[in-house]
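A.B. asks: upload-v2.txt is the file, holding compact mmCIF, C-alpha atoms:
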```txt
# COMPACT_ATOMS: atom_id res chain seq x y z
CA MET A 1 19.57 43.72 41.79
CA PRO A 2 21.44 44.32 38.53
CA ASN A 3 22.23 41.26 36.44
CA THR A 4 26.00 41.49 36.25
CA GLN A 5 26.24 38.73 33.63
CA GLN A 6 23.88 40.58 31.30
CA LEU A 7 25.94 43.74 31.74
CA GLN A 8 29.14 41.79 31.04
CA ASP A 9 27.62 40.21 27.93
CA LEU A 10 26.69 43.66 26.67
CA THR A 11 30.20 44.93 27.45
CA THR A 12 31.72 42.12 25.40
CA GLN A 13 29.44 42.92 22.47
CA VAL A 14 30.31 46.62 22.76
CA ARG A 15 33.99 45.70 22.49
CA ARG A 16 33.26 43.82 19.28
CA ASP A 17 31.41 46.87 17.98
CA ILE A 18 34.37 49.12 18.77
CA LEU A 19 36.88 46.89 17.01
CA ARG A 20 34.74 46.42 13.92
CA MET A 21 33.80 50.11 13.63
CA VAL A 22 37.39 51.33 13.80
CA HIS A 23 38.71 48.56 11.56
CA LYS A 24 36.21 49.21 8.77
CA VAL A 25 37.31 52.80 8.21
CA ASN A 26 40.93 52.28 9.37
CA SER A 27 40.44 55.24 11.68
CA GLY A 28 39.37 55.98 15.23
CA HIS A 29 40.36 55.55 18.85
CA PRO A 30 39.99 51.97 20.13
CA GLY A 31 42.25 52.09 23.22
CA GLY A 32 40.31 54.43 25.47
CA SER A 33 37.02 53.15 24.10
CA LEU A 34 37.80 49.58 25.10
CA GLY A 35 39.00 50.73 28.51
CA CYS A 36 35.73 52.52 29.26
CA ALA A 37 33.33 49.85 27.99
CA GLU A 38 32.28 48.62 31.45
CA PHE A 39 31.74 52.18 32.62
CA PHE A 40 29.50 53.19 29.72
CA VAL A 41 27.44 50.00 29.92
CA SER A 42 26.97 50.41 33.67
CA LEU A 43 26.14 54.11 33.31
CA TYR A 44 23.46 53.70 30.66
CA GLN A 45 22.01 50.38 31.80
CA GLU A 46 21.96 50.81 35.59
CA ILE A 47 23.21 54.10 36.96
CA MET A 48 21.49 56.97 35.12
CA GLU A 49 17.78 57.68 35.25
CA ARG A 50 16.83 58.10 31.58
CA ASN A 51 13.64 58.92 29.74
CA ASP A 52 12.44 56.54 27.03
CA SER A 53 12.41 59.32 24.44
CA PHE A 54 15.32 61.69 23.78
CA ASP A 55 15.17 65.47 23.73
CA MET A 56 17.95 68.01 24.00
CA ASP A 57 16.57 69.63 27.17
CA GLY A 58 16.73 66.46 29.25
CA ILE A 59 14.29 67.75 31.83
CA GLY A 60 13.28 65.09 34.35
CA GLU A 61 16.24 62.78 33.69
CA ASP A 62 19.94 62.48 34.38
CA LEU A 63 22.31 63.89 31.76
CA PHE A 64 25.69 62.69 30.52
CA PHE A 65 28.38 64.72 28.77
CA LEU A 66 31.40 63.11 27.12
CA SER A 67 34.36 65.48 27.26
CA ASN A 68 37.07 63.23 25.76
CA GLY A 69 35.05 62.84 22.58
CA HIS A 70 37.65 60.83 20.71
CA ILE A 71 36.36 57.69 22.46
CA SER A 72 33.19 58.03 20.40
CA PRO A 73 33.16 54.32 19.34
CA VAL A 74 32.20 53.16 22.84
CA PHE A 75 29.76 56.06 23.21
CA TYR A 76 27.98 55.27 19.93
CA SER A 77 27.88 51.54 20.58
CA VAL A 78 26.31 51.92 24.02
CA LEU A 79 23.86 54.58 22.81
CA ALA A 80 22.71 52.29 20.00
CA ARG A 81 22.45 49.23 22.20
CA SER A 82 20.54 51.29 24.78
CA GLY A 83 17.88 52.12 22.18
CA TYR A 84 18.78 55.66 21.11
CA PHE A 85 19.18 54.77 17.43
CA PRO A 86 19.33 51.57 15.32
CA VAL A 87 22.31 49.33 16.01
CA ASP A 88 22.83 48.89 12.26
CA GLU A 89 23.77 52.56 12.04
CA LEU A 90 27.09 51.69 13.71
CA ASN A 91 28.07 50.47 10.25
CA THR A 92 28.28 54.12 9.13
CA PHE A 93 30.93 55.19 11.67
CA ARG A 94 33.17 57.97 10.31
CA LEU A 95 31.71 57.79 6.82
CA ILE A 96 30.89 60.92 4.81
CA ASP A 97 27.44 62.29 5.76
CA SER A 98 27.14 59.85 8.68
CA ARG A 99 25.60 60.99 11.96
CA LEU A 100 28.39 59.04 13.67
CA GLN A 101 31.35 61.31 13.12
CA GLY A 102 34.77 60.65 14.63
CA HIS A 103 33.97 63.12 17.39
CA PRO A 104 30.33 63.50 18.46
CA THR A 105 28.46 66.42 16.91
CA THR A 106 25.00 67.85 17.41
CA HIS A 107 24.17 69.30 13.98
CA GLU A 108 23.10 65.88 12.66
CA GLY A 109 20.64 65.39 15.53
CA LEU A 110 21.98 62.05 16.73
CA PRO A 111 19.83 60.94 19.70
CA GLY A 112 21.84 60.72 22.90
CA VAL A 113 24.36 63.42 21.99
CA ARG A 114 23.77 66.77 23.67
CA VAL A 115 27.08 68.48 22.98
CA ALA A 116 29.80 68.33 20.35
CA SER A 117 33.03 67.14 21.93
CA GLY A 118 36.59 66.43 20.97
CA SER A 119 38.30 69.71 21.69
CA LEU A 120 39.66 68.60 25.02
CA GLY A 121 39.23 70.50 28.27
CA GLN A 122 35.76 71.92 27.66
CA GLY A 123 33.54 69.22 29.15
CA PHE A 124 33.56 70.48 32.72
CA SER A 125 32.26 73.88 31.59
CA VAL A 126 29.39 72.32 29.65
CA ALA A 127 28.45 69.87 32.41
CA LEU A 128 28.53 72.59 35.06
CA GLY A 129 26.23 74.79 33.00
CA ALA A 130 23.79 71.90 32.66
CA ALA A 131 23.97 71.16 36.39
CA GLU A 132 23.22 74.77 37.30
CA THR A 133 20.35 74.80 34.80
CA LYS A 134 18.84 71.78 36.56
CA LYS A 135 18.99 73.66 39.84
CA LEU A 136 17.30 76.70 38.29
CA ASN A 137 14.57 74.43 36.89
CA ASN A 138 14.10 72.67 40.25
CA ASP A 139 15.02 69.43 38.52
CA ASN A 140 16.57 67.11 41.10
CA HIS A 141 18.25 64.83 38.58
CA LEU A 142 22.02 64.60 38.23
CA VAL A 143 24.59 65.50 35.61
CA TYR A 144 27.36 63.01 34.82
CA SER A 145 30.50 63.70 32.80
CA LEU A 146 33.59 61.79 31.70
CA HIS A 147 37.10 63.19 31.20
CA GLY A 148 40.49 61.73 30.34
CA ASP A 149 43.40 61.97 32.75
CA GLY A 150 45.63 63.44 30.04
CA GLU A 151 42.85 65.90 29.34
CA LEU A 152 43.37 67.38 32.79
CA GLN A 153 46.54 68.98 31.43
CA GLU A 154 44.21 71.53 29.79
CA GLY A 155 43.79 74.67 31.91
CA GLN A 156 40.09 75.25 31.26
CA ASN A 157 39.32 72.16 33.33
CA TRP A 158 40.67 73.78 36.47
CA GLU A 159 38.67 76.95 35.97
CA GLY A 160 35.53 74.83 35.90
CA ILE A 161 36.67 72.71 38.82
CA MET A 162 37.25 75.84 40.92
CA TYR A 163 33.91 77.30 39.86
CA ALA A 164 31.96 74.16 40.77
CA ALA A 165 33.17 74.10 44.34
CA ALA A 166 32.90 77.85 44.82
CA ASN A 167 29.27 77.78 43.70
CA ASN A 168 28.25 74.56 45.50
CA VAL A 169 27.36 72.71 42.31
CA ASP A 170 26.55 69.51 44.18
CA ASN A 171 24.38 67.79 41.56
CA ILE A 172 27.28 66.74 39.34
CA ILE A 173 29.36 63.56 39.26
CA SER A 174 32.44 63.96 37.08
CA THR A 175 34.47 60.83 36.35
CA ILE A 176 38.14 60.86 35.41
CA ASP A 177 39.36 57.92 33.32
CA LEU A 178 42.70 57.22 35.00
CA ASN A 179 44.34 54.90 32.48
CA GLY A 180 47.71 56.64 32.68
CA GLN A 181 48.03 56.90 28.89
CA GLN A 182 47.62 59.61 26.28
CA ILE A 183 48.44 59.95 22.61
CA ASP A 184 52.15 60.71 23.12
CA GLY A 185 52.84 58.16 25.85
CA ALA A 186 52.31 57.66 29.56
CA THR A 187 50.79 60.71 31.24
CA ASP A 188 53.60 60.66 33.82
CA ASP A 189 56.13 60.97 31.00
CA VAL A 190 54.29 63.64 28.99
CA LEU A 191 53.23 65.97 31.82
CA PRO A 192 52.98 64.43 35.30
CA MET A 193 49.76 65.28 37.13
CA GLY A 194 50.85 64.21 40.60
CA SER A 195 47.96 63.18 42.84
CA VAL A 196 44.70 63.84 41.02
CA ARG A 197 42.80 63.06 44.23
CA ALA A 198 44.78 65.67 46.18
CA LYS A 199 44.16 68.27 43.49
CA PHE A 200 40.39 67.76 43.43
CA GLU A 201 40.19 67.73 47.21
CA ALA A 202 42.27 70.92 47.37
CA PHE A 203 39.78 72.51 44.95
CA GLY A 204 36.87 71.58 47.24
CA TRP A 205 35.49 68.42 45.64
CA THR A 206 34.46 65.16 47.28
CA VAL A 207 36.42 62.29 45.70
CA VAL A 208 35.47 58.62 45.27
CA ASP A 209 38.00 56.02 44.08
CA ILE A 210 37.08 53.04 41.89
CA GLU A 211 40.28 51.03 41.95
CA ASN A 212 39.16 48.50 39.33
CA GLY A 213 37.39 50.53 36.67
CA ASN A 214 37.02 47.48 34.46
CA ASP A 215 34.95 45.54 36.99
CA ILE A 216 31.21 46.10 36.70
CA ASP A 217 30.43 45.35 40.35
CA ALA A 218 33.13 47.81 41.47
CA ILE A 219 31.75 50.46 39.13
CA LEU A 220 28.18 50.02 40.37
CA LYS A 221 29.30 50.18 44.00
CA GLY A 222 31.53 53.20 43.49
CA MET A 223 28.98 55.16 41.48
CA ALA A 224 26.29 54.40 44.06
CA GLU A 225 28.61 55.87 46.69
CA ALA A 226 29.20 58.92 44.50
CA LYS A 227 25.47 59.41 44.05
CA SER A 228 24.92 59.22 47.82
CA LEU A 229 27.38 62.10 48.26
CA THR A 230 25.54 64.51 45.94
CA GLY A 231 23.36 67.26 47.41
CA LYS A 232 25.77 67.91 50.25
CA GLY A 233 27.21 71.20 49.06
CA LYS A 234 30.19 69.83 47.11
CA PRO A 235 30.67 68.54 43.55
CA VAL A 236 31.68 64.87 43.35
CA CYS A 237 34.62 63.44 41.40
CA VAL A 238 35.07 59.73 40.66
CA LEU A 239 38.59 58.49 39.92
CA LEU A 240 38.06 55.48 37.65
CA LYS A 241 41.23 53.44 37.23
CA THR A 242 40.97 51.62 33.90
CA VAL A 243 43.29 49.77 31.54
CA MET A 244 43.57 51.28 28.08
CA GLY A 245 42.68 48.64 25.48
CA ASN A 246 41.09 46.38 28.09
CA GLY A 247 39.76 43.11 26.72
CA VAL A 248 42.22 42.84 23.82
CA ASP A 249 45.54 41.60 25.13
CA PHE A 250 47.88 43.26 22.63
CA MET A 251 46.18 46.65 23.06
CA MET A 252 46.40 46.75 26.85
CA HIS A 253 48.71 48.93 28.98
CA THR A 254 50.06 50.96 26.05
CA HIS A 255 49.34 54.28 24.37
CA ALA A 256 50.05 52.70 20.97
CA TRP A 257 46.34 52.05 20.35
CA HIS A 258 45.10 55.45 21.45
CA GLY A 259 44.27 56.36 17.85
CA LYS A 260 45.27 53.39 15.70
CA ALA A 261 43.00 50.93 13.90
CA PRO A 262 43.66 47.17 13.85
CA ASN A 263 44.44 45.44 10.57
CA ASP A 264 42.59 42.32 9.41
CA GLU A 265 44.73 39.90 11.41
CA GLN A 266 44.60 42.06 14.54
CA LEU A 267 40.84 42.43 14.23
CA ALA A 268 40.44 38.66 14.08
CA ILE A 269 42.54 38.26 17.23
CA GLY A 270 40.60 40.94 19.08
CA LEU A 271 37.25 39.45 18.11
CA SER A 272 38.41 35.97 19.14
CA GLN A 273 39.01 37.35 22.64
CA ASN A 274 35.50 38.84 22.80
CA THR A 275 32.91 36.23 21.90
CA GLU A 276 29.78 37.47 20.15
CA THR A 277 27.05 37.63 22.79
CA LEU A 278 24.14 39.75 21.52
CA GLY A 279 24.67 39.70 17.78
CA ASP A 280 26.97 41.80 15.60
CA TYR A 281 25.43 44.69 13.69
```
Can the structure from this file be put into structure tokens for me?
C.D. replies:
Amino acid sequence: MPNTQQLQDLTTQVRRDILRMVHKVNSGHPGGSLGCAEFFVSLYQEIMERNDSFDMDGIGEDLFFLSNGHISPVFYSVLARSGYFPVDELNTFRLIDSRLQGHPTTHEGLPGVRVASGSLGQGFSVALGAAETKKLNNDNHLVYSLHGDGELQEGQNWEGIMYAAANNVDNIISTIDLNGQQIDGATDDVLPMGSVRAKFEAFGWTVVDIENGNDIDAILKGMAEAKSLTGKGKPVCVLLKTVMGNGVDFMMHTHAWHGKAPNDEQLAIGLSQNTETLGDY
């Protein structure tokens, strides 16, 4: 059985990492990163089957592709604290010549990153290609991907979503971060999506809801259900309902912290709400 308290302690430490990384360079995207902390910790610590050593091919293990690459702070923190590279390297976030650029890149060879991301709407295409490659290689492991709800306003997503169902790509679990916020405001105010569930179902996907996407037990249960639905002829979508800025009270439920760094006073408040558990880098 997973130790939920250990996962929660790691999540709290990841939140501290996010706040400190973005504050140091006065740049980055804390809101979505904080909202997805439980998901990333659960994914890398419990859900995915991962090899001890990293290679770009990823044969014989599950793969993950981050489509909404602007939430790189949470991605880098969890990768480091899952053993992909030294935790101290988080101190180089967004610095010149750092491997930890604002949006993940591959040319620096950062372990854990298999695709450059940040240009929204392209993640489905990449993940689907990887999923089909696994089928061609007779590799029974899964491909996971994460996408923002505002990102679904990009048309390329729907081409990939149609393709996946039409070609029975049933070894993929794509998660949508439903926080209802994007850089310009609430998604319903910028460009309403209507029912995301109805859209995916209409396009031939199986859909799983995780109503509390900031609860580790709910995430583990929902992702286990999603995994049980793979291999049945349909791609699987998980609708993960999160709170942007979760864990820092003044950042929650608003788009204001989508791409804004906290000042010194705000950093101190955020850190006070997330007690150091595993040691700051």
A.B. asks: Which residues, written as a ChimeraX atom specification, have at least one atom at most 8 Å from range 248-256 of chain A, with only C-alpha atoms counted and residues fewer than 6 positions away on the same chain left out?
C.D. replies: /A:31,181-186,270,273-274
A.B. asks: Could I get the residues of range 145-211 of chain A with an atom no further than 12 Å from an atom of range 215-221 of chain A, each paired with its nearest atom pair and that distance in Å to one decimal, using all atoms listed in the file, sorted by chain and residue number, as CSV?
C.D. replies:
```
residue,atom,partner,partner_atom,distance
A:Thr175,CA,A:Ile219,CA,11.1
A:Val208,CA,A:Lys221,CA,10.5
A:Asp209,CA,A:Ile219,CA,9.7
A:Ile210,CA,A:Ile219,CA,6.5
A:Glu211,CA,A:Ala218,CA,7.9
```
A.B. asks: One decimal, in Å: what's the spacing between CA of His23 in chain A and CA of Asn263 in chain A?
C.D. replies: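 Taking CA of His23 in chain A and CA of Asn263 in chain A, their separation equals 6.6 Å.
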A.B. asks: Could you give me, as a list in words, the residues that sit within 8 Å of (37.0, 61.0, 36.4) in the file's coordinates, counting all atoms listed in the file?
C.D. replies: Ser145, Leu146, His147, Gly148, Asp149, Ser174, Thr175, Ile176, Asp177, Leu178, Cys237, Val238, Leu239 and Leu240 of chain A
A.B. asks: Of the residues A:His107, A:Ser67, A:Arg50, A:Trp205, which is the one nearest to Asn157 in chain A, using all atoms listed in the file?
C.D. replies: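 Smallest separation from Asn157 in chain A among the options: A:Ser67.
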A.B. asks: Could you state the separation of CA of Gly245 in chain A and CA of Asn3 in chain A in Å, given to one decimal place?
C.D. replies: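 Here the two named atoms are 24.3 Å from each other.
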A.B. asks: Could you please determine the separation between CA of Pro262 in chain A and CA of Arg16 in chain A in Å, to one decimal place?
C.D. replies: 12.2 Å
A.B. asks: Please provide as an MDAnalysis selection string all residues within 12 Å of Gly155 in chain A, with the sequence filter that same-chain residues fewer than 6 positions apart are discarded (counting only C-alpha atoms).
C.D. replies: chainID A and resid 120:125 161:162
A.B. asks: Quick one: of A:Met223, A:Leu128, A:Met56, A:Ala166, who's nearest to Val115 in chain A, counting all atoms listed in the file?
C.D. replies: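 Result for the nearest residue to Val115 in chain A: A:Met56.
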A.B. asks: For range 206-211 of chain A, take all atoms listed in the file, fit an axis-aligned box around them, add 5 Å to each of the six sides, then output centre and edge lengths in Å rounded to one decimal, as lines of an AutoDock Vina configuration file.
C.D. replies:
```
center_x = 37.4
center_y = 58.1
center_z = 44.6
size_x = 15.8
size_y = 24.1
size_z = 15.4
```
A.B. asks: Could you tell me which of A:Glu159, A:Asp170, A:Glu154, A:Asp280 comes closest to Arg81 in chain A if we count all atoms listed in the file?
C.D. replies: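 Answer, going by the shortest atom-to-atom distance: A:Asp280.
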A.B. asks: Taking (26.9, 48.5, 14.4) in the file's coordinates as the center, which residues reach within 12 Å of it, counting all atoms listed in the file, put as number ranges by chain?
C.D. replies: A: 13-22, 24, 73-81, 85-93, 100, 278-281
A.B. asks: Restricting the calculation to only C-alpha atoms: of A:Ser33, A:Thr242, A:Asn138, A:Asn26, which residue gets closest to Asp264 in chain A?
C.D. replies: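 Of A:Ser33, A:Thr242, A:Asn138, A:Asn26, the one nearest Asp264 in chain A, counting only C-alpha atoms, is A:Asn26.
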A.B. asks: Go through A:Trp257, A:Phe65, A:Tyr163, A:Tyr84 and flag the residue nearest Gly28 in chain A, using only C-alpha atoms for the distances.
C.D. replies: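 Of A:Trp257, A:Phe65, A:Tyr163, A:Tyr84, the one nearest Gly28 in chain A, counting only C-alpha atoms, is A:Trp257.
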A.B. asks: Identify, on the basis of all atoms listed in the file, every residue whose closest approach to Asn171 in chain A does not exceed 12 Å; exclude the query and any residue fewer than 3 positions from it along the same chain; express the result as a PyMOL selection string.
C.D. replies: chain A and resi 62-63+127-136+138-145+164-165+167-168+174+205-206+226-237
A.B. asks: Please write range 184-215 of chain A of the preceding block to a file containing N, CA and C atoms, as an mmCIF file, in the first residue's frame?
C.D. replies:
```cif
data_model
loop_
_atom_site.group_PDB
_atom_site.id
_atom_site.type_symbol
_atom_site.label_atom_id
_atom_site.label_comp_id
_atom_site.auth_asym_id
_atom_site.auth_seq_id
_atom_site.Cartn_x
_atom_site.Cartn_y
_atom_site.Cartn_z
ATOM 1 N N ASP A 184 -5.234 34.584 -19.367
ATOM 2 C CA ASP A 184 -6.056 35.786 -19.525
ATOM 3 C C ASP A 184 -7.287 35.811 -18.633
ATOM 4 N N GLY A 185 -7.498 34.763 -17.850
ATOM 5 C CA GLY A 185 -8.664 34.728 -16.981
ATOM 6 C C GLY A 185 -9.249 33.341 -16.878
ATOM 7 N N ALA A 186 -10.491 33.263 -16.453
ATOM 8 C CA ALA A 186 -11.181 31.978 -16.371
ATOM 9 C C ALA A 186 -11.416 31.432 -17.776
ATOM 10 N N THR A 187 -11.237 30.131 -17.950
ATOM 11 C CA THR A 187 -11.417 29.540 -19.282
ATOM 12 C C THR A 187 -12.825 29.787 -19.811
ATOM 13 N N ASP A 188 -13.823 29.810 -18.929
ATOM 14 C CA ASP A 188 -15.196 30.042 -19.371
ATOM 15 C C ASP A 188 -15.402 31.467 -19.869
ATOM 16 N N ASP A 189 -14.540 32.383 -19.441
ATOM 17 C CA ASP A 189 -14.640 33.760 -19.901
ATOM 18 C C ASP A 189 -13.834 33.986 -21.184
ATOM 19 N N VAL A 190 -12.714 33.276 -21.315
ATOM 20 C CA VAL A 190 -11.842 33.470 -22.478
ATOM 21 C C VAL A 190 -12.410 32.772 -23.702
ATOM 22 N N LEU A 191 -12.679 31.479 -23.581
ATOM 23 C CA LEU A 191 -13.265 30.697 -24.675
ATOM 24 C C LEU A 191 -13.896 29.455 -24.067
ATOM 25 N N PRO A 192 -15.180 29.494 -23.766
ATOM 26 C CA PRO A 192 -15.823 28.375 -23.061
ATOM 27 C C PRO A 192 -15.675 27.064 -23.812
ATOM 28 N N MET A 193 -15.341 26.016 -23.056
ATOM 29 C CA MET A 193 -15.146 24.685 -23.652
ATOM 30 C C MET A 193 -16.400 23.827 -23.584
ATOM 31 N N GLY A 194 -17.380 24.234 -22.795
ATOM 32 C CA GLY A 194 -18.530 23.365 -22.592
ATOM 33 C C GLY A 194 -18.117 22.139 -21.797
ATOM 34 N N SER A 195 -18.755 21.018 -22.040
ATOM 35 C CA SER A 195 -18.437 19.782 -21.323
ATOM 36 C C SER A 195 -17.240 19.092 -21.973
ATOM 37 N N VAL A 196 -16.117 19.099 -21.272
ATOM 38 C CA VAL A 196 -14.931 18.415 -21.795
ATOM 39 C C VAL A 196 -15.186 16.909 -21.839
ATOM 40 N N ARG A 197 -15.855 16.384 -20.828
ATOM 41 C CA ARG A 197 -16.201 14.953 -20.826
ATOM 42 C C ARG A 197 -16.999 14.593 -22.074
ATOM 43 N N ALA A 198 -18.040 15.364 -22.374
ATOM 44 C CA ALA A 198 -18.886 15.055 -23.525
ATOM 45 C C ALA A 198 -18.085 15.097 -24.822
ATOM 46 N N LYS A 199 -17.162 16.025 -24.908
ATOM 47 C CA LYS A 199 -16.348 16.129 -26.128
ATOM 48 C C LYS A 199 -15.474 14.894 -26.306
ATOM 49 N N PHE A 200 -14.772 14.493 -25.249
ATOM 50 C CA PHE A 200 -13.906 13.318 -25.369
ATOM 51 C C PHE A 200 -14.720 12.058 -25.659
ATOM 52 N N GLU A 201 -15.843 11.918 -24.997
ATOM 53 C CA GLU A 201 -16.680 10.748 -25.255
ATOM 54 C C GLU A 201 -17.196 10.753 -26.692
ATOM 55 N N ALA A 202 -17.565 11.937 -27.193
ATOM 56 C CA ALA A 202 -18.035 12.026 -28.569
ATOM 57 C C ALA A 202 -16.933 11.666 -29.563
ATOM 58 N N PHE A 203 -15.677 11.902 -29.171
ATOM 59 C CA PHE A 203 -14.541 11.574 -30.035
ATOM 60 C C PHE A 203 -14.063 10.144 -29.825
ATOM 61 N N GLY A 204 -14.753 9.363 -28.992
ATOM 62 C CA GLY A 204 -14.468 7.939 -28.868
ATOM 63 C C GLY A 204 -13.521 7.538 -27.764
ATOM 64 N N TRP A 205 -13.318 8.423 -26.779
ATOM 65 C CA TRP A 205 -12.440 8.116 -25.649
ATOM 66 C C TRP A 205 -13.254 7.612 -24.460
ATOM 67 N N THR A 206 -12.596 6.819 -23.613
ATOM 68 C CA THR A 206 -13.135 6.483 -22.301
ATOM 69 C C THR A 206 -12.677 7.560 -21.319
ATOM 70 N N VAL A 207 -13.576 8.047 -20.476
ATOM 71 C CA VAL A 207 -13.263 9.181 -19.597
ATOM 72 C C VAL A 207 -13.410 8.784 -18.135
ATOM 73 N N VAL A 208 -12.410 9.180 -17.329
ATOM 74 C CA VAL A 208 -12.426 8.969 -15.882
ATOM 75 C C VAL A 208 -12.356 10.340 -15.211
ATOM 76 N N ASP A 209 -13.209 10.573 -14.227
ATOM 77 C CA ASP A 209 -13.203 11.832 -13.477
ATOM 78 C C ASP A 209 -12.469 11.662 -12.154
ATOM 79 N N ILE A 210 -11.596 12.614 -11.836
ATOM 80 C CA ILE A 210 -11.030 12.725 -10.490
ATOM 81 C C ILE A 210 -11.495 14.068 -9.953
ATOM 82 N N GLU A 211 -12.531 14.032 -9.141
ATOM 83 C CA GLU A 211 -13.180 15.260 -8.696
ATOM 84 C C GLU A 211 -12.279 16.121 -7.819
ATOM 85 N N ASN A 212 -11.456 15.495 -6.994
ATOM 86 C CA ASN A 212 -10.520 16.251 -6.150
ATOM 87 C C ASN A 212 -9.104 15.938 -6.601
ATOM 88 N N GLY A 213 -8.622 16.699 -7.560
ATOM 89 C CA GLY A 213 -7.294 16.470 -8.110
ATOM 90 C C GLY A 213 -6.162 16.958 -7.254
ATOM 91 N N ASN A 214 -6.487 17.418 -6.035
ATOM 92 C CA ASN A 214 -5.445 17.796 -5.084
ATOM 93 C C ASN A 214 -5.460 16.882 -3.865
ATOM 94 N N ASP A 215 -6.086 15.727 -4.017
ATOM 95 C CA ASP A 215 -6.112 14.718 -2.962
ATOM 96 C C ASP A 215 -5.386 13.479 -3.470
#
```
